[in-house]
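Coordinates as given in target30.pdb (PDB, C-alpha atoms and all ligand atoms):
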ATOM      1  CA  MET L  27      21.308  32.912 108.996
ATOM      2  CA  GLY L  28      18.514  32.901 111.533
ATOM      3  CA  GLY L  29      16.527  30.116 113.093
ATOM      4  CA  ASN L  30      18.116  26.777 113.651
ATOM      5  CA  ALA L  31      19.296  26.186 110.146
ATOM      6  CA  GLU L  32      21.185  28.424 107.796
ATOM      7  CA  GLU L  33      19.654  29.107 104.428
ATOM      8  CA  LYS L  34      21.202  30.443 101.272
ATOM      9  CA  VAL L  35      19.806  31.389  97.897
ATOM     10  CA  LEU L  36      21.610  29.286  95.312
ATOM     11  CA  LEU L  37      21.152  28.335  91.702
ATOM     12  CA  CYS L  38      20.421  24.608  91.667
ATOM     13  CA  TYR L  39      22.374  23.005  88.829
ATOM     14  CA  HIS L  40      20.170  19.914  89.049
ATOM     15  CA  CYS L  41      16.861  21.610  88.310
ATOM     16  CA  GLY L  42      17.843  25.133  87.262
ATOM     17  CA  ASN L  43      15.789  26.839  89.981
ATOM     18  CA  LYS L  44      17.275  29.705  91.939
ATOM     19  CA  THR L  45      15.920  29.048  95.379
ATOM     20  CA  SER L  46      16.583  29.287  99.093
ATOM     21  CA  MET L  47      18.268  26.099 100.248
ATOM     22  CA  LYS L  48      18.796  24.786 103.735
ATOM     23  CA  LYS L  49      22.359  24.056 104.801
ATOM     24  CA  VAL L  50      21.995  20.464 106.005
ATOM     25  CA  ALA L  51      25.642  19.756 106.845
ATOM     26  CA  LYS L  52      29.022  21.394 106.973
ATOM     27  CA  HIS L  53      32.645  20.669 107.736
ATOM     28  CA  THR L  54      35.228  23.289 108.608
ATOM     29  CA  TYR L  55      38.991  23.069 108.366
ATOM     30  CA  ARG L  56      41.116  25.929 109.645
ATOM     31  CA  ASP L  57      44.807  26.388 110.160
ATOM     32  CA  ARG L  58      47.251  29.168 110.910
ATOM     33  CA  GLU L  59      50.818  29.956 110.248
ATOM     34  CA  PHE L  60      53.230  32.265 112.047
ATOM     35  CA  LEU L  61      54.875  34.792 109.814
ATOM     36  CA  ASP L  62      56.651  36.762 112.510
ATOM     37  CA  TYR L  63      57.166  35.149 115.912
ATOM     38  CA  GLU L  64      58.534  38.297 117.588
ATOM     39  CA  ASN L  65      55.486  40.389 116.809
ATOM     40  CA  ASN L  66      53.182  37.445 117.215
ATOM     41  CA  PHE L  67      51.961  37.965 113.655
ATOM     42  CA  TRP L  68      50.204  35.057 112.070
ATOM     43  CA  VAL L  69      47.899  34.385 109.185
ATOM     44  CA  SER L  70      44.976  32.040 109.232
ATOM     45  CA  TYR L  71      43.165  30.267 106.457
ATOM     46  CA  GLY L  72      40.693  27.518 105.940
ATOM     47  CA  ASN L  73      37.959  25.790 104.013
ATOM     48  CA  GLU L  74      34.357  25.206 104.790
ATOM     49  CA  TRP L  75      32.343  22.664 102.858
ATOM     50  CA  SER L  76      28.574  22.915 103.011
ATOM     51  CA  ILE L  77      25.823  20.674 101.767
ATOM     52  CA  PHE L  78      22.621  22.415 100.676
ATOM     53  CA  PHE L  79      19.332  20.698 100.005
ATOM     54  CA  CYS L  80      17.139  21.849  97.117
ATOM     55  CA  PRO L  81      13.470  21.861  98.135
ATOM     56  CA  VAL L  82      12.349  21.828  94.507
ATOM     57  CA  CYS L  83      14.139  18.731  93.176
ATOM     58  CA  GLN L  84      15.373  17.120  96.431
ATOM     59  CA  ASN L  85      18.991  16.993  95.347
ATOM     60  CA  VAL L  86      22.067  18.292  97.173
ATOM     61  CA  THR L  87      24.640  20.883  96.213
ATOM     62  CA  ILE L  88      28.121  20.935  97.771
ATOM     63  CA  GLU L  89      29.734  24.343  98.132
ATOM     64  CA  GLU L  90      33.316  25.062  99.103
ATOM     65  CA  CYS L  91      34.286  28.315 100.785
ATOM     66  CA  TYR L  92      37.980  29.181 100.982
ATOM     67  CA  TRP L  93      39.335  32.112 102.981
ATOM     68  CA  HIS L  94      42.731  33.480 103.922
ATOM     69  CA  SER L  95      43.159  36.224 106.533
ATOM     70  CA  GLU L  96      45.440  38.215 104.208
ATOM     71  CA  GLU L  97      42.859  38.291 101.444
ATOM     72  CA  THR L  98      40.851  41.322 102.476
ATOM     73  CA  GLY L  99      39.004  44.176 100.848
ATOM     74  CA  PRO L 100      39.772  47.937 101.098
ATOM     75  CA  ARG L 101      38.139  48.223 104.535
ATOM     76  CA  GLY L 102      39.832  45.137 105.849
ATOM     77  CA  GLU L 103      36.811  42.968 105.311
ATOM     78  CA  GLN L 104      37.482  39.274 104.764
ATOM     79  CA  TYR L 105      37.151  37.867 101.248
ATOM     80  CA  TYR L 106      35.467  34.514 100.839
ATOM     81  CA  ASN L 107      35.919  32.451  97.695
ATOM     82  CA  TYR L 108      32.957  30.247  96.953
ATOM     83  CA  ARG L 109      32.678  27.532  94.361
ATOM     84  CA  ILE L 110      30.262  24.713  93.686
ATOM     85  CA  LEU L 111      31.919  21.292  93.804
ATOM     86  CA  TYR L 112      28.812  19.242  93.130
ATOM     87  CA  PRO L 113      26.927  18.803  90.847
ATOM     88  CA  GLN L 114      29.726  19.087  88.380
ATOM     89  CA  VAL L 115      28.010  21.375  85.915
ATOM     90  CA  ASN L 116      30.199  24.104  87.218
ATOM     91  CA  ILE L 117      32.624  24.231  84.345
ATOM     92  CA  SER L 118      34.765  27.087  85.652
ATOM     93  CA  ASN L 119      37.834  25.282  84.414
ATOM     94  CA  THR L 120      40.585  27.659  83.290
ATOM     95  CA  THR L 121      41.145  25.675  80.111
ATOM     96  CA  ILE L 122      37.609  26.421  78.854
ATOM     97  CA  PRO L 123      37.133  29.755  77.034
ATOM     98  CA  GLU L 124      35.102  32.184  79.132
ATOM     99  CA  LYS L 125      32.542  32.759  76.375
ATOM    100  CA  VAL L 126      31.810  29.027  76.284
ATOM    101  CA  VAL L 127      31.416  28.880  80.069
ATOM    102  CA  LYS L 128      29.016  31.845  80.042
ATOM    103  CA  ALA L 129      26.866  30.471  77.230
ATOM    104  CA  PHE L 130      26.652  27.058  78.891
ATOM    105  CA  GLU L 131      25.773  28.562  82.262
ATOM    106  CA  SER L 132      23.003  30.648  80.759
ATOM    107  CA  ALA L 133      21.590  27.449  79.273
ATOM    108  CA  ILE L 134      21.639  25.771  82.701
ATOM    109  CA  LYS L 135      19.954  28.772  84.314
ATOM    110  CA  VAL L 136      16.865  28.563  82.127
ATOM    111  CA  ARG L 137      16.603  24.799  82.322
ATOM    112  CA  HIS L 138      13.070  23.930  83.478
ATOM    113  CA  ILE L 139      12.062  27.526  82.962
ATOM    114  CA  ASP L 140      12.194  27.775  79.200
ATOM    115  CA  ASN L 141      13.310  24.719  77.220
ATOM    116  CA  ASN L 142      13.476  26.521  73.891
ATOM    117  CA  THR L 143      15.727  29.243  75.287
ATOM    118  CA  CYS L 144      17.837  26.557  76.941
ATOM    119  CA  VAL L 145      18.372  24.734  73.634
ATOM    120  CA  PHE L 146      19.101  28.041  71.938
ATOM    121  CA  SER L 147      21.865  28.701  74.501
ATOM    122  CA  LEU L 148      23.235  25.177  74.112
ATOM    123  CA  ARG L 149      23.466  25.682  70.357
ATOM    124  CA  LYS L 150      25.203  28.986  71.002
ATOM    125  CA  THR L 151      27.656  27.183  73.320
ATOM    126  CA  LEU L 152      28.445  24.616  70.638
ATOM    127  CA  GLU L 153      28.802  27.315  67.990
ATOM    128  CA  LEU L 154      31.340  29.122  70.168
ATOM    129  CA  ILE L 155      33.271  25.874  70.670
ATOM    130  CA  CYS L 156      33.300  25.239  66.918
ATOM    131  CA  LYS L 157      34.541  28.769  66.203
ATOM    132  CA  ASP L 158      37.177  28.431  68.900
ATOM    133  CA  GLN L 159      38.336  25.214  67.212
ATOM    134  CA  ASN L 160      38.386  26.932  63.782
ATOM    135  CA  ALA L 161      35.652  24.724  62.349
ATOM    136  CA  GLN L 162      34.709  25.348  58.717
ATOM    137  CA  GLY L 163      31.095  25.904  57.726
ATOM    138  CA  THR L 164      28.292  28.328  58.436
ATOM    139  CA  LYS L 165      25.706  26.092  60.082
ATOM    140  CA  LEU L 166      26.262  24.411  63.415
ATOM    141  CA  TYR L 167      25.795  20.966  61.889
ATOM    142  CA  GLU L 168      28.411  21.695  59.208
ATOM    143  CA  MET L 169      30.870  22.998  61.771
ATOM    144  CA  LEU L 170      30.433  19.974  64.053
ATOM    145  CA  ASN L 171      30.819  17.710  61.034
ATOM    146  CA  ASP L 172      34.033  19.470  60.140
ATOM    147  CA  LEU L 173      35.342  18.782  63.637
ATOM    148  CA  TYR L 174      34.510  15.070  63.264
ATOM    149  CA  GLU L 175      36.298  14.976  59.927
ATOM    150  CA  LYS L 176      39.372  16.626  61.381
ATOM    151  CA  GLY L 177      39.334  14.160  64.258
ATOM    152  CA  VAL L 178      38.807  16.859  66.900
ATOM    153  CA  LEU L 179      35.570  15.127  67.907
ATOM    154  CA  PRO L 180      34.968  11.376  67.842
ATOM    155  CA  LYS L 181      32.489  10.033  65.293
ATOM    156  CA  LEU L 182      30.503   8.546  68.151
ATOM    157  CA  LEU L 183      29.000  11.936  68.941
ATOM    158  CA  ASP L 184      27.680  12.334  65.422
ATOM    159  CA  SER L 185      24.184  11.007  66.028
ATOM    160  CA  MET L 186      23.755  13.359  68.969
ATOM    161  CA  ALA L 187      24.624  16.262  66.733
ATOM    162  CA  THR L 188      21.859  15.222  64.369
ATOM    163  CA  LEU L 189      19.469  15.211  67.306
ATOM    164  CA  LEU L 190      20.671  18.640  68.282
ATOM    165  CA  ARG L 191      20.055  19.948  64.797
ATOM    166  CA  LYS L 192      16.519  18.605  64.909
ATOM    167  CA  ALA L 193      15.875  20.146  68.316
ATOM    168  CA  GLY L 194      17.342  23.439  67.224
ATOM    169  CA  ASN L 195      15.136  23.576  64.162
ATOM    170  CA  GLU L 196      12.117  22.773  66.281
ATOM    171  CA  ALA L 197      12.986  25.551  68.696
ATOM    172  CA  ALA L 198      13.433  28.065  65.925
ATOM    173  CA  HIS L 199      10.475  27.184  63.759
ATOM    174  CA  SER L 200       7.658  26.060  65.989
ATOM    175  CA  ASP L 201       5.745  27.289  68.967
ATOM    176  CA  GLU L 202       5.905  23.857  70.527
ATOM    177  CA  GLU L 203       7.955  23.409  73.665
ATOM    178  CA  ILE L 204      10.923  21.034  73.424
ATOM    179  CA  SER L 205      10.581  18.133  75.871
ATOM    180  CA  ASP L 206      12.451  18.007  79.209
ATOM    181  CA  GLY L 207      14.056  14.697  78.247
ATOM    182  CA  LEU L 208      15.535  16.096  75.068
ATOM    183  CA  VAL L 209      16.819  19.139  76.956
ATOM    184  CA  SER L 210      18.574  16.887  79.505
ATOM    185  CA  ASP L 211      20.159  14.851  76.716
ATOM    186  CA  LEU L 212      21.369  17.972  74.986
ATOM    187  CA  ILE L 213      22.870  19.370  78.202
ATOM    188  CA  ASP L 214      24.732  16.077  78.680
ATOM    189  CA  PHE L 215      25.859  16.111  75.083
ATOM    190  CA  THR L 216      27.153  19.695  75.279
ATOM    191  CA  GLN L 217      28.916  18.991  78.554
ATOM    192  CA  THR L 218      30.542  15.883  77.070
ATOM    193  CA  ILE L 219      31.856  17.896  74.136
ATOM    194  CA  ILE L 220      33.196  20.604  76.455
ATOM    195  CA  GLU L 221      34.980  17.990  78.558
ATOM    196  CA  TYR L 222      36.269  16.113  75.538
ATOM    197  CA  ILE L 223      37.754  19.200  73.888
ATOM    198  CA  TYR L 224      38.933  21.289  76.838
ATOM    199  CA  VAL L 225      39.226  19.163  79.947
ATOM    200  CA  LEU L 226      40.304  15.694  78.810
ATOM    201  CA  PRO L 227      43.526  16.734  76.983
ATOM    202  CA  ASN L 228      44.676  18.462  80.159
ATOM    203  CA  LYS L 229      43.881  15.438  82.279
ATOM    204  CA  LEU L 230      45.695  13.117  79.886
ATOM    205  CA  GLN L 231      48.709  15.391  79.919
ATOM    206  CA  LYS L 232      48.833  15.161  83.700
ATOM    207  CA  ILE L 233      48.513  11.362  83.629
ATOM    208  CA  GLN L 234      51.204  11.141  80.971
ATOM    209  CA  TYR L 235      53.494  13.314  83.060
ATOM    210  CA  HIS L 236      53.032  11.050  86.095
ATOM    211  CA  ILE L 237      53.583   7.884  84.064
ATOM    212  CA  GLU L 238      56.747   9.256  82.470
ATOM    213  CA  LYS L 239      58.020  10.406  85.830
ATOM    214  CA  GLN L 240      57.398   6.973  87.304
ATOM    215  CA  VAL L 241      59.009   5.197  84.365
ATOM    216  CA  SER L 242      62.111   7.371  84.556
ATOM    217  CA  GLU L 243      62.346   6.906  88.337
ATOM    218  CA  ASN L 244      61.988   3.132  88.037
ATOM    219  CA  GLY L 245      64.412   3.128  85.134
ATOM    220  CA  ARG L 246      67.105   4.597  87.314
ATOM    221  CA  GLY L 247      66.757   1.763  89.798
ATOM    222  CA  ILE L 248      67.126  -1.029  87.278
TER     223      ILE L 248
HETATM  224 ZN    ZN L 301      16.997  21.660  92.495
END
Transcribe the structure of this file into C-alpha cells.
Amino acid sequence: MGGNAEEKVLLCYHCGNKTSMKKVAKHTYRDREFLDYENNFWVSYGNEWSIFFCPVCQNVTIEECYWHSEETGPRGEQYYNYRILYPQVNISNTTIPEKVVKAFESAIKVRHIDNNTCVFSLRKTLELICKDQNAQGTKLYEMLNDLYEKGVLPKLLDSMATLLRKAGNEAAHSDEEISDGLVSDLIDFTQTIIEYIYVLPNKLQKIQYHIEKQVSENGRGI
C-alpha cells in the first residue's frame, strides 16, 4: 500500500518477470451469515478480484483473493487465499500431479531470463508426464512416441515433439541461446499436452454427466 495506488510484487506469467505491479482495478464482494442469532454470532466471507498491470510487458494479471472470517491463524489473524485467474498458465488444477505443476512453473519463472534453462525445465515437465503415464522408452522422444502409439496423445502433436527434441539437443550441446519464439512455442506445446492429458478428460466427464442428466430428465417427460 502507500500512495494513491496499491502495488504488489507478482510473478508475471506473460513475461516471466517478478516485478512490482500497480493494482489498476478491483471489485469486492462480501457477505455474511448468522450462525447464532441469540448471541449475535455471524461469519463473514468474500472475494476480491484485482487487476494488476505489468510495467515490463504491458499485460494484465487478474488475482482472486478469497477470505472467510472463520479461517484464521493461531493468533486469530485472517487467512487470505490468493490465486491467479489470468493469464491461465496457473495450472494448479488438482488433477495435475504436483511434480508436473512444479516443473512447469519453474520453466515459466525463467522465461525471458534464461531460455536454455526454460527449455530444460519444459523437457523435465514432459518427462514427468510421460513417466506418470507409464510411457516406455528412455529418451523423451521415445516416451512421447510411445504415448502417441498408445493413443494417449493425438498424432497431431508429433511434429511439435520433434521440434522439442531439436531444441532440447541445442540447449544441451551448444552455447547458443534458444530463440524467444521457440521458447514460446514450446511453452504452448507443453501446456497443451498438460491440458489434453489431465484437464480435458475431467471436463469431458462433467459435460457427459450434464448431457446424461438432461437426457434422463427429458426422457421422463416423454
Ligand atoms: Zn509482464
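Those residues returned by the PyMOL selection byres (((chain L and resi 53-64) around 10) and not hetatm) for this file are L:Ala51, L:Lys52, L:Asn65, L:Asn66, L:Phe67, L:Trp68, L:Val69, L:Ser70, L:Tyr71, L:Gly72, L:Asn73, L:Glu74, L:Trp75, L:Ser76, L:Ile77, L:Glu90, L:Cys91, L:Tyr92, L:Trp93, L:His94, L:Ser95.
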Show me which residues sit within 6 Å of ligand ZN 301 (chain L) when counting all atoms listed in the file, and put them as a ChimeraX atom specification. /L:38,40-41,43,80,82-83,85
Quick check on the file I pasted: which residues fall under the PyMOL selection byres (((chain L and resi 156-167) around 12) and not hetatm)? Write them as number ranges by chain. L: 122-126, 146, 148-155, 168-179, 183-195, 216, 219-220, 223-224
Can those selected residues be exported to a file as a PDB file, in the frame of the given file so that it contains C-alpha atoms?
ATOM      1  CA  ILE L 122      37.609  26.421  78.854  1.00  0.00           C
ATOM      2  CA  PRO L 123      37.133  29.755  77.034  1.00  0.00           C
ATOM      3  CA  GLU L 124      35.102  32.184  79.132  1.00  0.00           C
ATOM      4  CA  LYS L 125      32.542  32.759  76.375  1.00  0.00           C
ATOM      5  CA  VAL L 126      31.810  29.027  76.284  1.00  0.00           C
ATOM      6  CA  PHE L 146      19.101  28.041  71.938  1.00  0.00           C
ATOM      7  CA  LEU L 148      23.235  25.177  74.112  1.00  0.00           C
ATOM      8  CA  ARG L 149      23.466  25.682  70.357  1.00  0.00           C
ATOM      9  CA  LYS L 150      25.203  28.986  71.002  1.00  0.00           C
ATOM     10  CA  THR L 151      27.656  27.183  73.320  1.00  0.00           C
ATOM     11  CA  LEU L 152      28.445  24.616  70.638  1.00  0.00           C
ATOM     12  CA  GLU L 153      28.802  27.315  67.990  1.00  0.00           C
ATOM     13  CA  LEU L 154      31.340  29.122  70.168  1.00  0.00           C
ATOM     14  CA  ILE L 155      33.271  25.874  70.670  1.00  0.00           C
ATOM     15  CA  GLU L 168      28.411  21.695  59.208  1.00  0.00           C
ATOM     16  CA  MET L 169      30.870  22.998  61.771  1.00  0.00           C
ATOM     17  CA  LEU L 170      30.433  19.974  64.053  1.00  0.00           C
ATOM     18  CA  ASN L 171      30.819  17.710  61.034  1.00  0.00           C
ATOM     19  CA  ASP L 172      34.033  19.470  60.140  1.00  0.00           C
ATOM     20  CA  LEU L 173      35.342  18.782  63.637  1.00  0.00           C
ATOM     21  CA  TYR L 174      34.510  15.070  63.264  1.00  0.00           C
ATOM     22  CA  GLU L 175      36.298  14.976  59.927  1.00  0.00           C
ATOM     23  CA  LYS L 176      39.372  16.626  61.381  1.00  0.00           C
ATOM     24  CA  GLY L 177      39.334  14.160  64.258  1.00  0.00           C
ATOM     25  CA  VAL L 178      38.807  16.859  66.900  1.00  0.00           C
ATOM     26  CA  LEU L 179      35.570  15.127  67.907  1.00  0.00           C
ATOM     27  CA  LEU L 183      29.000  11.936  68.941  1.00  0.00           C
ATOM     28  CA  ASP L 184      27.680  12.334  65.422  1.00  0.00           C
ATOM     29  CA  SER L 185      24.184  11.007  66.028  1.00  0.00           C
ATOM     30  CA  MET L 186      23.755  13.359  68.969  1.00  0.00           C
ATOM     31  CA  ALA L 187      24.624  16.262  66.733  1.00  0.00           C
ATOM     32  CA  THR L 188      21.859  15.222  64.369  1.00  0.00           C
ATOM     33  CA  LEU L 189      19.469  15.211  67.306  1.00  0.00           C
ATOM     34  CA  LEU L 190      20.671  18.640  68.282  1.00  0.00           C
ATOM     35  CA  ARG L 191      20.055  19.948  64.797  1.00  0.00           C
ATOM     36  CA  LYS L 192      16.519  18.605  64.909  1.00  0.00           C
ATOM     37  CA  ALA L 193      15.875  20.146  68.316  1.00  0.00           C
ATOM     38  CA  GLY L 194      17.342  23.439  67.224  1.00  0.00           C
ATOM     39  CA  ASN L 195      15.136  23.576  64.162  1.00  0.00           C
ATOM     40  CA  THR L 216      27.153  19.695  75.279  1.00  0.00           C
ATOM     41  CA  ILE L 219      31.856  17.896  74.136  1.00  0.00           C
ATOM     42  CA  ILE L 220      33.196  20.604  76.455  1.00  0.00           C
ATOM     43  CA  ILE L 223      37.754  19.200  73.888  1.00  0.00           C
ATOM     44  CA  TYR L 224      38.933  21.289  76.838  1.00  0.00           C
TER      45      TYR L 224
END
Go ahead and compute the interatomic distance for atom CA of L:Gln217 and atom CA of L:Ala129, in Å to one decimal. 11.7 Å
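Taking atom CA of L:Leu208 and atom CA of L:Asn228 as endpoints, the distance between them is 29.7 Å.
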Which residues, named as in the file, does the PyMOL selection byres (((chain L and resi 88) around 6) and not hetatm) pick out? Answer as a PyMOL selection string. chain L and resi 76-77+87+89+110-112
Next, dump the selected residues to file, keeping only C-alpha atoms, as an mmCIF file, in the coordinates of the input.
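As a result, again.cif now contains:
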data_model
loop_
_atom_site.group_PDB
_atom_site.id
_atom_site.type_symbol
_atom_site.label_atom_id
_atom_site.label_comp_id
_atom_site.auth_asym_id
_atom_site.auth_seq_id
_atom_site.Cartn_x
_atom_site.Cartn_y
_atom_site.Cartn_z
ATOM 1 C CA SER L 76 28.574 22.915 103.011
ATOM 2 C CA ILE L 77 25.823 20.674 101.767
ATOM 3 C CA THR L 87 24.640 20.883 96.213
ATOM 4 C CA GLU L 89 29.734 24.343 98.132
ATOM 5 C CA ILE L 110 30.262 24.713 93.686
ATOM 6 C CA LEU L 111 31.919 21.292 93.804
ATOM 7 C CA TYR L 112 28.812 19.242 93.130
#
Using atom CA of L:Ile233 and atom CA of L:Pro180 as the two end points, give the distance in Å to one decimal. 20.8 Å
Please return the centre and edge lengths, in Å to one decimal, of a box with edges along x, y and z that contains all listed atoms of stretch 149-168 of chain L, widened by 3 Å on every side, as lines of an AutoDock Vina configuration file.
center_x = 30.9
center_y = 25.0
center_z = 65.5
size_x = 20.9
size_y = 14.2
size_z = 21.6
Counting all atoms listed in the file, the residue among L:Gly102, L:Tyr39, L:Pro113, L:Lys49 that lies closest to L:His138 is L:Tyr39
Could you check which residues have any atom within 10 Å of (20.0, 30.1, 95.8), counting only C-alpha atoms with coordinates taken straight from the file, and then list them as a PyMOL selection string? chain L and resi 33-38+43-48+78+80
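Checking L:Ser210, L:Thr121, L:Gln84, L:Asn244 one by one against L:Ile134, counting all atoms listed in the file, you find the shortest gap at L:Ser210.
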From the options L:Ile237, L:Ile139, L:Lys232, L:Thr218, which residue's atoms come nearest to L:Asp206, counting all atoms listed in the file? L:Ile139
Where atoms are lacking, stretch 151-160 of chain L completed to all heavy atoms, as a tab-separated table (two decimals), keeping the file's coordinate frame:
chain	number	residue	atom	x	y	z
L	151	THR	N	26.45	27.72	72.68
L	151	THR	CA	27.66	27.18	73.32
L	151	THR	C	28.47	26.36	72.32
L	151	THR	O	29.68	26.54	72.19
L	151	THR	CB	27.26	26.26	74.51
L	151	THR	OG1	26.33	26.94	75.33
L	151	THR	CG2	28.48	25.86	75.33
L	152	LEU	N	27.76	25.48	71.60
L	152	LEU	CA	28.44	24.62	70.64
L	152	LEU	C	29.04	25.42	69.49
L	152	LEU	O	30.13	25.13	69.01
L	152	LEU	CB	27.47	23.55	70.12
L	152	LEU	CG	27.08	22.50	71.16
L	152	LEU	CD1	25.86	21.71	70.72
L	152	LEU	CD2	28.24	21.56	71.43
L	153	GLU	N	28.31	26.44	69.07
L	153	GLU	CA	28.80	27.32	67.99
L	153	GLU	C	30.11	27.98	68.41
L	153	GLU	O	31.06	28.05	67.64
L	153	GLU	CB	27.76	28.41	67.72
L	153	GLU	CG	27.07	28.28	66.39
L	153	GLU	CD	25.90	29.26	66.30
L	153	GLU	OE1	26.11	30.47	66.53
L	153	GLU	OE2	24.80	28.76	66.06
L	154	LEU	N	30.15	28.46	69.65
L	154	LEU	CA	31.34	29.12	70.17
L	154	LEU	C	32.52	28.15	70.24
L	154	LEU	O	33.65	28.51	69.95
L	154	LEU	CB	31.06	29.73	71.55
L	154	LEU	CG	30.15	30.95	71.56
L	154	LEU	CD1	29.69	31.28	72.98
L	154	LEU	CD2	30.86	32.16	70.95
L	155	ILE	N	32.22	26.91	70.62
L	155	ILE	CA	33.27	25.87	70.67
L	155	ILE	C	33.82	25.63	69.26
L	155	ILE	O	35.03	25.61	69.05
L	155	ILE	CB	32.73	24.55	71.25
L	155	ILE	CG1	32.34	24.74	72.72
L	155	ILE	CG2	33.76	23.43	71.12
L	155	ILE	CD1	31.56	23.57	73.32
L	156	CYS	N	32.90	25.49	68.30
L	156	CYS	CA	33.30	25.24	66.92
L	156	CYS	C	34.17	26.38	66.40
L	156	CYS	O	35.20	26.15	65.76
L	156	CYS	CB	32.07	25.09	66.02
L	156	CYS	SG	31.19	23.55	66.28
L	157	LYS	N	33.76	27.61	66.67
L	157	LYS	CA	34.54	28.77	66.20
L	157	LYS	C	35.90	28.78	66.86
L	157	LYS	O	36.92	29.05	66.23
L	157	LYS	CB	33.78	30.06	66.47
L	157	LYS	CG	32.71	30.29	65.42
L	157	LYS	CD	31.94	31.57	65.63
L	157	LYS	CE	30.77	31.61	64.64
L	157	LYS	NZ	29.69	32.48	65.11
L	158	ASP	N	35.92	28.47	68.15
L	158	ASP	CA	37.18	28.43	68.90
L	158	ASP	C	38.12	27.38	68.32
L	158	ASP	O	39.33	27.53	68.35
L	158	ASP	CB	36.87	28.14	70.38
L	158	ASP	CG	38.12	28.00	71.21
L	158	ASP	OD1	38.89	28.98	71.26
L	158	ASP	OD2	38.35	26.92	71.79
L	159	GLN	N	37.53	26.31	67.79
L	159	GLN	CA	38.34	25.21	67.21
L	159	GLN	C	38.54	25.39	65.70
L	159	GLN	O	38.97	24.46	65.02
L	159	GLN	CB	37.65	23.87	67.49
L	159	GLN	CG	37.54	23.51	68.96
L	159	GLN	CD	38.89	23.23	69.59
L	159	GLN	OE1	39.69	22.46	69.08
L	159	GLN	NE2	39.17	23.90	70.71
L	160	ASN	N	38.23	26.59	65.20
L	160	ASN	CA	38.39	26.93	63.78
L	160	ASN	C	37.65	25.98	62.84
L	160	ASN	O	38.18	25.59	61.80
L	160	ASN	CB	39.87	26.97	63.39
L	160	ASN	CG	40.60	28.03	64.17
L	160	ASN	OD1	40.11	29.15	64.30
L	160	ASN	ND2	41.75	27.69	64.72
